[in-house]
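Notes follow once the structure below has been shown.
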Amino acid sequence: MYKTILISLISSLFIGCSSTNALKYFKANELEANSIQHTKKADLIVNKNHEAIIWSTYLNNINNNQFNLEKETFIVSVYFTDTKKQDFRKNGYKLLLNDRDADSIKEIDKETSIYKPLLKNNPWAKYYLVDFEKIKRVYDLNLEFTNSTNSTGMKFKK
């Protein structure tokens, strides 16, 4: 009985003194860690082939005072696999948030942007800062990448 109690106390001591931060062993700052938690990936598949790869980060949940966010704001990365044009608007696609069109879409310069620490998903993709009208009383956000025949989506918690 004493051995069981001793083993329990020793194991509790080791568990209690261990690190609780998973990022301790990686070279990531707090901004990058928070952005990873709020990043989703979607594949647009047409006729069993990958047409595009889309990564999106919901900036409003990162809670960093560095960004002035008065709207629902996303960083969206789009990479088309079989086309020379990488601009999704020129390829006939658009972004919808809960069936609403974007208020503004601005291409992000990967080298000089304040969002540079968040742009690590795909070096060949184009990155966009996408703003949508603030949605009230809704806690599930559905970001949809769509054209007239194909679509894919990502769900975010507000």
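Every chain in the structure tokens has a letter given in the order shown (A, B, ...), and although residue numbers restart at 1 in each chain, ligands are simply numbered from 1 in the order shown.
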- prompt: Which polymer residues have any atom within 12 Å of an atom of region 83-93 of chain A, counting only C-alpha atoms, with same-chain residues fewer than 4 positions away left out, as an NGL selection string?
  reply: :A and (44 or 50-54 or 76-79 or 101 or 105-107 or 124-128 or 144-152)
task: For Lys71 (chain A), list every protein, DNA or RNA residue within 12 Å, evaluated using only C-alpha atoms, and leave out those in the same chain fewer than 6 positions away; present the list as JSON, numbers by chain.
output: {"A": [58, 59, 60, 61, 97, 102, 103, 104, 129, 130, 131, 132, 133, 134, 135, 136]}
Output the selection as a short mmCIF file (atom, residue, chain, number, x, y, z; two decimals), in the first residue's frame - all heavy atoms for each residue.
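Wrote it out as result.cif, contents follow:
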```cif
data_model
loop_
_atom_site.label_atom_id
_atom_site.label_comp_id
_atom_site.auth_asym_id
_atom_site.auth_seq_id
_atom_site.Cartn_x
_atom_site.Cartn_y
_atom_site.Cartn_z
N TYR A 58 -8.80 33.64 -39.76
CA TYR A 58 -9.78 34.60 -39.23
C TYR A 58 -9.05 35.50 -38.24
O TYR A 58 -8.71 35.09 -37.14
CB TYR A 58 -10.94 33.86 -38.58
CG TYR A 58 -12.04 34.73 -38.04
CD1 TYR A 58 -12.56 35.77 -38.79
CD2 TYR A 58 -12.57 34.49 -36.79
CE1 TYR A 58 -13.58 36.57 -38.30
CE2 TYR A 58 -13.60 35.27 -36.30
CZ TYR A 58 -14.10 36.31 -37.05
OH TYR A 58 -15.11 37.10 -36.56
N LEU A 59 -8.78 36.74 -38.65
CA LEU A 59 -7.96 37.64 -37.84
C LEU A 59 -8.67 38.17 -36.60
O LEU A 59 -8.01 38.51 -35.62
CB LEU A 59 -7.50 38.82 -38.70
CG LEU A 59 -6.49 38.51 -39.79
CD1 LEU A 59 -6.12 39.77 -40.54
CD2 LEU A 59 -5.26 37.86 -39.22
N ASN A 60 -9.98 38.24 -36.59
CA ASN A 60 -10.69 38.82 -35.46
C ASN A 60 -10.48 38.03 -34.18
O ASN A 60 -10.54 38.59 -33.09
CB ASN A 60 -12.18 38.93 -35.76
CG ASN A 60 -12.46 39.90 -36.88
OD1 ASN A 60 -12.01 39.68 -37.99
ND2 ASN A 60 -13.18 40.96 -36.60
N ASN A 61 -10.23 36.73 -34.26
CA ASN A 61 -10.04 35.92 -33.07
C ASN A 61 -8.60 35.88 -32.58
O ASN A 61 -8.33 35.29 -31.54
CB ASN A 61 -10.51 34.48 -33.32
CG ASN A 61 -12.00 34.35 -33.20
OD1 ASN A 61 -12.68 35.24 -32.72
ND2 ASN A 61 -12.53 33.24 -33.65
N LEU A 97 -19.10 35.30 -47.25
CA LEU A 97 -19.15 35.00 -45.83
C LEU A 97 -20.62 34.98 -45.43
O LEU A 97 -21.29 36.01 -45.48
CB LEU A 97 -18.39 36.04 -45.01
CG LEU A 97 -18.35 35.77 -43.51
CD1 LEU A 97 -17.53 34.50 -43.23
CD2 LEU A 97 -17.76 36.94 -42.76
N ALA A 102 -17.83 40.11 -50.27
CA ALA A 102 -16.79 40.84 -49.55
C ALA A 102 -16.92 42.34 -49.78
O ALA A 102 -17.27 42.78 -50.87
CB ALA A 102 -15.41 40.37 -50.01
N ASP A 103 -16.64 43.12 -48.73
CA ASP A 103 -16.62 44.58 -48.86
C ASP A 103 -15.36 45.04 -49.59
O ASP A 103 -15.41 45.94 -50.42
CB ASP A 103 -16.67 45.25 -47.48
CG ASP A 103 -18.05 45.16 -46.85
OD1 ASP A 103 -19.02 44.77 -47.53
OD2 ASP A 103 -18.15 45.49 -45.65
N SER A 104 -14.23 44.42 -49.26
CA SER A 104 -12.99 44.77 -49.95
C SER A 104 -12.06 43.56 -49.99
O SER A 104 -12.05 42.75 -49.07
CB SER A 104 -12.29 45.95 -49.27
OG SER A 104 -11.75 45.56 -48.04
N LEU A 129 -6.13 40.23 -48.22
CA LEU A 129 -6.80 40.68 -47.01
C LEU A 129 -8.24 40.95 -47.41
O LEU A 129 -8.51 41.80 -48.27
CB LEU A 129 -6.14 41.95 -46.48
CG LEU A 129 -6.66 42.45 -45.15
CD1 LEU A 129 -6.34 41.45 -44.04
CD2 LEU A 129 -6.08 43.81 -44.82
N VAL A 130 -9.16 40.19 -46.82
CA VAL A 130 -10.56 40.24 -47.23
C VAL A 130 -11.40 40.73 -46.06
O VAL A 130 -11.36 40.15 -44.97
CB VAL A 130 -11.06 38.86 -47.71
CG1 VAL A 130 -12.49 38.94 -48.21
CG2 VAL A 130 -10.14 38.30 -48.78
N ASP A 131 -12.16 41.81 -46.29
CA ASP A 131 -13.05 42.37 -45.26
C ASP A 131 -14.50 42.12 -45.64
O ASP A 131 -14.88 42.30 -46.81
CB ASP A 131 -12.84 43.88 -45.13
CG ASP A 131 -11.52 44.23 -44.48
OD1 ASP A 131 -11.09 43.48 -43.59
OD2 ASP A 131 -10.93 45.26 -44.85
N PHE A 132 -15.28 41.74 -44.64
CA PHE A 132 -16.72 41.58 -44.79
C PHE A 132 -17.41 42.46 -43.76
O PHE A 132 -16.82 42.81 -42.73
CB PHE A 132 -17.14 40.12 -44.54
CG PHE A 132 -16.63 39.15 -45.56
CD1 PHE A 132 -15.43 38.49 -45.37
CD2 PHE A 132 -17.35 38.89 -46.71
CE1 PHE A 132 -14.95 37.58 -46.30
CE2 PHE A 132 -16.88 37.98 -47.65
CZ PHE A 132 -15.68 37.34 -47.44
N GLU A 133 -18.65 42.78 -44.06
CA GLU A 133 -19.46 43.54 -43.11
C GLU A 133 -19.54 42.77 -41.79
O GLU A 133 -19.65 41.54 -41.78
CB GLU A 133 -20.86 43.74 -43.69
CG GLU A 133 -21.80 44.51 -42.81
CD GLU A 133 -23.17 44.61 -43.45
OE1 GLU A 133 -23.25 44.70 -44.69
OE2 GLU A 133 -24.16 44.57 -42.71
N LYS A 134 -19.49 43.49 -40.67
CA LYS A 134 -19.58 42.86 -39.34
C LYS A 134 -20.92 42.16 -39.21
O LYS A 134 -21.96 42.72 -39.51
CB LYS A 134 -19.44 43.94 -38.27
CG LYS A 134 -19.13 43.42 -36.90
CD LYS A 134 -17.72 42.98 -36.82
CE LYS A 134 -17.19 43.05 -35.42
NZ LYS A 134 -15.89 42.47 -35.32
N ILE A 135 -20.89 40.91 -38.79
CA ILE A 135 -22.11 40.12 -38.63
C ILE A 135 -22.41 40.01 -37.14
O ILE A 135 -21.59 39.52 -36.38
CB ILE A 135 -21.95 38.72 -39.27
CG1 ILE A 135 -21.64 38.86 -40.75
CG2 ILE A 135 -23.19 37.88 -39.04
CD1 ILE A 135 -21.32 37.55 -41.44
N LYS A 136 -23.57 40.44 -36.76
CA LYS A 136 -23.97 40.41 -35.35
C LYS A 136 -24.91 39.26 -35.09
O LYS A 136 -25.63 38.82 -35.97
CB LYS A 136 -24.63 41.73 -34.96
CG LYS A 136 -23.69 42.91 -35.10
CD LYS A 136 -24.37 44.21 -34.80
CE LYS A 136 -23.37 45.35 -35.02
NZ LYS A 136 -23.98 46.64 -34.96
#
```
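Take CA of His38 (chain A) and CA of Lys120 (chain A): the distance between them is 13.9 Å.
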- request: From the DSSP assignment of the backbone, select every residue of chain A that is alpha helix (DSSP H), and format the answer as a ChimeraX atom specification.
  value: /A:2-16,30-37
As a PDB file with N, CA and C atoms, in the first residue's frame, please: every residue in chain A that DSSP puts in strand (DSSP E or B).
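To be explicit, this is the file written out as selection_26.pdb:
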```pdb
ATOM      1  N   THR A  39      -6.718  29.140 -38.335  1.00  0.00           N
ATOM      2  CA  THR A  39      -6.472  28.948 -39.764  1.00  0.00           C
ATOM      3  C   THR A  39      -7.113  27.637 -40.213  1.00  0.00           C
ATOM      4  N   LYS A  40      -7.773  27.683 -41.368  1.00  0.00           N
ATOM      5  CA  LYS A  40      -8.407  26.499 -41.953  1.00  0.00           C
ATOM      6  C   LYS A  40      -7.919  26.339 -43.393  1.00  0.00           C
ATOM      7  N   LYS A  41      -8.000  25.114 -43.878  1.00  0.00           N
ATOM      8  CA  LYS A  41      -7.603  24.797 -45.254  1.00  0.00           C
ATOM      9  C   LYS A  41      -8.758  24.100 -45.945  1.00  0.00           C
ATOM     10  N   ALA A  42      -8.927  24.420 -47.214  1.00  0.00           N
ATOM     11  CA  ALA A  42      -9.939  23.742 -48.020  1.00  0.00           C
ATOM     12  C   ALA A  42      -9.352  23.462 -49.403  1.00  0.00           C
ATOM     13  N   ASP A  43      -9.784  22.358 -49.990  1.00  0.00           N
ATOM     14  CA  ASP A  43      -9.383  22.003 -51.342  1.00  0.00           C
ATOM     15  C   ASP A  43     -10.593  22.112 -52.245  1.00  0.00           C
ATOM     16  N   LEU A  44     -10.406  22.732 -53.387  1.00  0.00           N
ATOM     17  CA  LEU A  44     -11.460  22.773 -54.393  1.00  0.00           C
ATOM     18  C   LEU A  44     -11.172  21.644 -55.373  1.00  0.00           C
ATOM     19  N   ILE A  45     -12.046  20.647 -55.376  1.00  0.00           N
ATOM     20  CA  ILE A  45     -11.856  19.464 -56.223  1.00  0.00           C
ATOM     21  C   ILE A  45     -12.917  19.471 -57.314  1.00  0.00           C
ATOM     22  N   VAL A  46     -12.450  19.399 -58.561  1.00  0.00           N
ATOM     23  CA  VAL A  46     -13.333  19.387 -59.726  1.00  0.00           C
ATOM     24  C   VAL A  46     -12.987  18.154 -60.549  1.00  0.00           C
ATOM     25  N   ASN A  49     -10.018  16.082 -59.476  1.00  0.00           N
ATOM     26  CA  ASN A  49      -8.716  16.747 -59.565  1.00  0.00           C
ATOM     27  C   ASN A  49      -8.716  17.985 -58.689  1.00  0.00           C
ATOM     28  N   HIS A  50      -7.569  18.260 -58.074  1.00  0.00           N
ATOM     29  CA  HIS A  50      -7.444  19.477 -57.276  1.00  0.00           C
ATOM     30  C   HIS A  50      -7.376  20.681 -58.212  1.00  0.00           C
ATOM     31  N   GLU A  51      -8.310  21.578 -58.059  1.00  0.00           N
ATOM     32  CA  GLU A  51      -8.309  22.814 -58.841  1.00  0.00           C
ATOM     33  C   GLU A  51      -7.579  23.921 -58.079  1.00  0.00           C
ATOM     34  N   ALA A  52      -7.842  24.011 -56.774  1.00  0.00           N
ATOM     35  CA  ALA A  52      -7.235  25.079 -55.974  1.00  0.00           C
ATOM     36  C   ALA A  52      -7.090  24.627 -54.525  1.00  0.00           C
ATOM     37  N   ILE A  53      -6.131  25.259 -53.849  1.00  0.00           N
ATOM     38  CA  ILE A  53      -5.921  25.061 -52.424  1.00  0.00           C
ATOM     39  C   ILE A  53      -6.124  26.421 -51.765  1.00  0.00           C
ATOM     40  N   ILE A  54      -6.980  26.462 -50.763  1.00  0.00           N
ATOM     41  CA  ILE A  54      -7.326  27.712 -50.105  1.00  0.00           C
ATOM     42  C   ILE A  54      -7.007  27.600 -48.618  1.00  0.00           C
ATOM     43  N   TRP A  55      -6.252  28.563 -48.103  1.00  0.00           N
ATOM     44  CA  TRP A  55      -5.986  28.681 -46.671  1.00  0.00           C
ATOM     45  C   TRP A  55      -6.610  29.988 -46.224  1.00  0.00           C
ATOM     46  N   SER A  56      -7.212  29.988 -45.061  1.00  0.00           N
ATOM     47  CA  SER A  56      -7.820  31.214 -44.555  1.00  0.00           C
ATOM     48  C   SER A  56      -7.590  31.336 -43.056  1.00  0.00           C
ATOM     49  N   THR A  57      -7.249  32.535 -42.618  1.00  0.00           N
ATOM     50  CA  THR A  57      -7.046  32.833 -41.203  1.00  0.00           C
ATOM     51  C   THR A  57      -8.030  33.916 -40.795  1.00  0.00           C
ATOM     52  N   TYR A  58      -8.803  33.638 -39.762  1.00  0.00           N
ATOM     53  CA  TYR A  58      -9.779  34.599 -39.234  1.00  0.00           C
ATOM     54  C   TYR A  58      -9.052  35.498 -38.243  1.00  0.00           C
ATOM     55  N   GLU A  72     -15.346  41.892 -40.262  1.00  0.00           N
ATOM     56  CA  GLU A  72     -14.933  40.482 -40.228  1.00  0.00           C
ATOM     57  C   GLU A  72     -13.778  40.370 -41.235  1.00  0.00           C
ATOM     58  N   THR A  73     -12.575  40.117 -40.747  1.00  0.00           N
ATOM     59  CA  THR A  73     -11.378  40.195 -41.576  1.00  0.00           C
ATOM     60  C   THR A  73     -10.669  38.849 -41.641  1.00  0.00           C
ATOM     61  N   PHE A  74     -10.292  38.471 -42.857  1.00  0.00           N
ATOM     62  CA  PHE A  74      -9.612  37.206 -43.111  1.00  0.00           C
ATOM     63  C   PHE A  74      -8.375  37.466 -43.960  1.00  0.00           C
ATOM     64  N   ILE A  75      -7.357  36.647 -43.742  1.00  0.00           N
ATOM     65  CA  ILE A  75      -6.264  36.538 -44.705  1.00  0.00           C
ATOM     66  C   ILE A  75      -6.541  35.260 -45.474  1.00  0.00           C
ATOM     67  N   VAL A  76      -6.639  35.379 -46.783  1.00  0.00           N
ATOM     68  CA  VAL A  76      -6.963  34.231 -47.625  1.00  0.00           C
ATOM     69  C   VAL A  76      -5.813  34.006 -48.596  1.00  0.00           C
ATOM     70  N   SER A  77      -5.357  32.767 -48.656  1.00  0.00           N
ATOM     71  CA  SER A  77      -4.311  32.358 -49.574  1.00  0.00           C
ATOM     72  C   SER A  77      -4.938  31.414 -50.594  1.00  0.00           C
ATOM     73  N   VAL A  78      -4.725  31.693 -51.877  1.00  0.00           N
ATOM     74  CA  VAL A  78      -5.298  30.863 -52.935  1.00  0.00           C
ATOM     75  C   VAL A  78      -4.184  30.444 -53.885  1.00  0.00           C
ATOM     76  N   TYR A  79      -4.136  29.143 -54.167  1.00  0.00           N
ATOM     77  CA  TYR A  79      -3.185  28.611 -55.129  1.00  0.00           C
ATOM     78  C   TYR A  79      -3.924  27.699 -56.094  1.00  0.00           C
ATOM     79  N   PHE A  80      -3.904  28.059 -57.378  1.00  0.00           N
ATOM     80  CA  PHE A  80      -4.504  27.225 -58.423  1.00  0.00           C
ATOM     81  C   PHE A  80      -3.427  26.278 -58.950  1.00  0.00           C
ATOM     82  N   LYS A  94     -15.235  33.862 -56.380  1.00  0.00           N
ATOM     83  CA  LYS A  94     -15.464  34.935 -55.419  1.00  0.00           C
ATOM     84  C   LYS A  94     -15.532  34.333 -54.020  1.00  0.00           C
ATOM     85  N   LEU A  95     -15.438  35.207 -53.023  1.00  0.00           N
ATOM     86  CA  LEU A  95     -15.512  34.798 -51.624  1.00  0.00           C
ATOM     87  C   LEU A  95     -16.802  35.317 -51.022  1.00  0.00           C
ATOM     88  N   LEU A  96     -17.488  34.442 -50.291  1.00  0.00           N
ATOM     89  CA  LEU A  96     -18.720  34.810 -49.597  1.00  0.00           C
ATOM     90  C   LEU A  96     -18.573  34.446 -48.123  1.00  0.00           C
ATOM     91  N   LEU A  97     -19.104  35.302 -47.253  1.00  0.00           N
ATOM     92  CA  LEU A  97     -19.153  35.000 -45.829  1.00  0.00           C
ATOM     93  C   LEU A  97     -20.616  34.976 -45.432  1.00  0.00           C
ATOM     94  N   ARG A 100     -22.759  36.479 -48.048  1.00  0.00           N
ATOM     95  CA  ARG A 100     -22.582  37.916 -48.318  1.00  0.00           C
ATOM     96  C   ARG A 100     -21.270  38.129 -49.052  1.00  0.00           C
ATOM     97  N   ASP A 101     -21.281  39.048 -50.023  1.00  0.00           N
ATOM     98  CA  ASP A 101     -20.069  39.380 -50.774  1.00  0.00           C
ATOM     99  C   ASP A 101     -19.089  40.157 -49.896  1.00  0.00           C
ATOM    100  N   SER A 104     -14.234  44.423 -49.261  1.00  0.00           N
ATOM    101  CA  SER A 104     -12.989  44.770 -49.949  1.00  0.00           C
ATOM    102  C   SER A 104     -12.061  43.564 -49.985  1.00  0.00           C
ATOM    103  N   ILE A 105     -11.293  43.494 -51.076  1.00  0.00           N
ATOM    104  CA  ILE A 105     -10.293  42.449 -51.259  1.00  0.00           C
ATOM    105  C   ILE A 105      -9.020  43.140 -51.727  1.00  0.00           C
ATOM    106  N   LYS A 106      -7.962  43.040 -50.916  1.00  0.00           N
ATOM    107  CA  LYS A 106      -6.690  43.677 -51.260  1.00  0.00           C
ATOM    108  C   LYS A 106      -5.601  42.612 -51.276  1.00  0.00           C
ATOM    109  N   GLU A 107      -4.802  42.621 -52.331  1.00  0.00           N
ATOM    110  CA  GLU A 107      -3.687  41.683 -52.385  1.00  0.00           C
ATOM    111  C   GLU A 107      -2.618  42.133 -51.387  1.00  0.00           C
ATOM    112  N   LYS A 126      -1.156  33.385 -53.869  1.00  0.00           N
ATOM    113  CA  LYS A 126      -1.398  34.809 -53.690  1.00  0.00           C
ATOM    114  C   LYS A 126      -2.164  34.985 -52.390  1.00  0.00           C
ATOM    115  N   TYR A 127      -1.844  36.045 -51.662  1.00  0.00           N
ATOM    116  CA  TYR A 127      -2.473  36.324 -50.376  1.00  0.00           C
ATOM    117  C   TYR A 127      -3.339  37.568 -50.497  1.00  0.00           C
ATOM    118  N   TYR A 128      -4.488  37.511 -49.828  1.00  0.00           N
ATOM    119  CA  TYR A 128      -5.441  38.617 -49.878  1.00  0.00           C
ATOM    120  C   TYR A 128      -5.929  38.944 -48.471  1.00  0.00           C
ATOM    121  N   LEU A 129      -6.133  40.233 -48.223  1.00  0.00           N
ATOM    122  CA  LEU A 129      -6.797  40.682 -47.011  1.00  0.00           C
ATOM    123  C   LEU A 129      -8.242  40.946 -47.411  1.00  0.00           C
ATOM    124  N   VAL A 130      -9.161  40.186 -46.824  1.00  0.00           N
ATOM    125  CA  VAL A 130     -10.563  40.243 -47.233  1.00  0.00           C
ATOM    126  C   VAL A 130     -11.404  40.727 -46.057  1.00  0.00           C
ATOM    127  N   ASP A 131     -12.159  41.807 -46.287  1.00  0.00           N
ATOM    128  CA  ASP A 131     -13.049  42.370 -45.265  1.00  0.00           C
ATOM    129  C   ASP A 131     -14.496  42.123 -45.642  1.00  0.00           C
ATOM    130  N   PHE A 132     -15.277  41.738 -44.643  1.00  0.00           N
ATOM    131  CA  PHE A 132     -16.716  41.575 -44.792  1.00  0.00           C
ATOM    132  C   PHE A 132     -17.409  42.459 -43.764  1.00  0.00           C
ATOM    133  N   ASP A 140     -21.325  31.318 -35.894  1.00  0.00           N
ATOM    134  CA  ASP A 140     -20.707  30.426 -36.873  1.00  0.00           C
ATOM    135  C   ASP A 140     -20.552  31.174 -38.180  1.00  0.00           C
ATOM    136  N   LEU A 141     -19.318  31.263 -38.657  1.00  0.00           N
ATOM    137  CA  LEU A 141     -19.037  31.945 -39.912  1.00  0.00           C
ATOM    138  C   LEU A 141     -18.666  30.910 -40.962  1.00  0.00           C
ATOM    139  N   ASN A 142     -19.288  31.001 -42.129  1.00  0.00           N
ATOM    140  CA  ASN A 142     -19.019  30.073 -43.225  1.00  0.00           C
ATOM    141  C   ASN A 142     -18.408  30.867 -44.372  1.00  0.00           C
ATOM    142  N   LEU A 143     -17.094  30.706 -44.559  1.00  0.00           N
ATOM    143  CA  LEU A 143     -16.392  31.369 -45.650  1.00  0.00           C
ATOM    144  C   LEU A 143     -16.406  30.429 -46.845  1.00  0.00           C
ATOM    145  N   GLU A 144     -16.979  30.900 -47.950  1.00  0.00           N
ATOM    146  CA  GLU A 144     -17.158  30.046 -49.122  1.00  0.00           C
ATOM    147  C   GLU A 144     -16.369  30.599 -50.302  1.00  0.00           C
ATOM    148  N   PHE A 145     -15.647  29.713 -50.978  1.00  0.00           N
ATOM    149  CA  PHE A 145     -14.893  30.021 -52.188  1.00  0.00           C
ATOM    150  C   PHE A 145     -15.669  29.386 -53.335  1.00  0.00           C
ATOM    151  N   THR A 146     -16.207  30.207 -54.227  1.00  0.00           N
ATOM    152  CA  THR A 146     -17.169  29.671 -55.182  1.00  0.00           C
ATOM    153  C   THR A 146     -17.106  30.366 -56.545  1.00  0.00           C
ATOM    154  N   SER A 151     -17.723  24.948 -55.593  1.00  0.00           N
ATOM    155  CA  SER A 151     -17.492  25.710 -54.364  1.00  0.00           C
ATOM    156  C   SER A 151     -16.901  24.809 -53.286  1.00  0.00           C
ATOM    157  N   THR A 152     -16.262  25.447 -52.344  1.00  0.00           N
ATOM    158  CA  THR A 152     -15.757  24.793 -51.138  1.00  0.00           C
ATOM    159  C   THR A 152     -15.836  25.805 -50.009  1.00  0.00           C
ATOM    160  N   GLY A 153     -15.874  25.320 -48.789  1.00  0.00           N
ATOM    161  CA  GLY A 153     -16.047  26.248 -47.680  1.00  0.00           C
ATOM    162  C   GLY A 153     -15.245  25.875 -46.455  1.00  0.00           C
ATOM    163  N   MET A 154     -15.150  26.846 -45.553  1.00  0.00           N
ATOM    164  CA  MET A 154     -14.474  26.689 -44.272  1.00  0.00           C
ATOM    165  C   MET A 154     -15.360  27.297 -43.197  1.00  0.00           C
ATOM    166  N   LYS A 155     -15.464  26.633 -42.065  1.00  0.00           N
ATOM    167  CA  LYS A 155     -16.285  27.139 -40.969  1.00  0.00           C
ATOM    168  C   LYS A 155     -15.392  27.652 -39.850  1.00  0.00           C
ATOM    169  N   PHE A 156     -15.752  28.827 -39.334  1.00  0.00           N
ATOM    170  CA  PHE A 156     -15.017  29.464 -38.249  1.00  0.00           C
ATOM    171  C   PHE A 156     -15.988  29.779 -37.120  1.00  0.00           C
ATOM    172  N   LYS A 157     -15.468  29.761 -35.901  1.00  0.00           N
ATOM    173  CA  LYS A 157     -16.233  30.213 -34.734  1.00  0.00           C
ATOM    174  C   LYS A 157     -15.877  31.664 -34.489  1.00  0.00           C
TER     175      LYS A 157
END
```
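Coordinates place CA of Pro117 (chain A) at a distance of 6.5 Å from CA of Glu32 (chain A).
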message: For a test of reading the model, state the distance in Å between CA of Ile62 (chain A) and CA of Leu119 (chain A), rounded to one decimal.
response: 14.4 Å
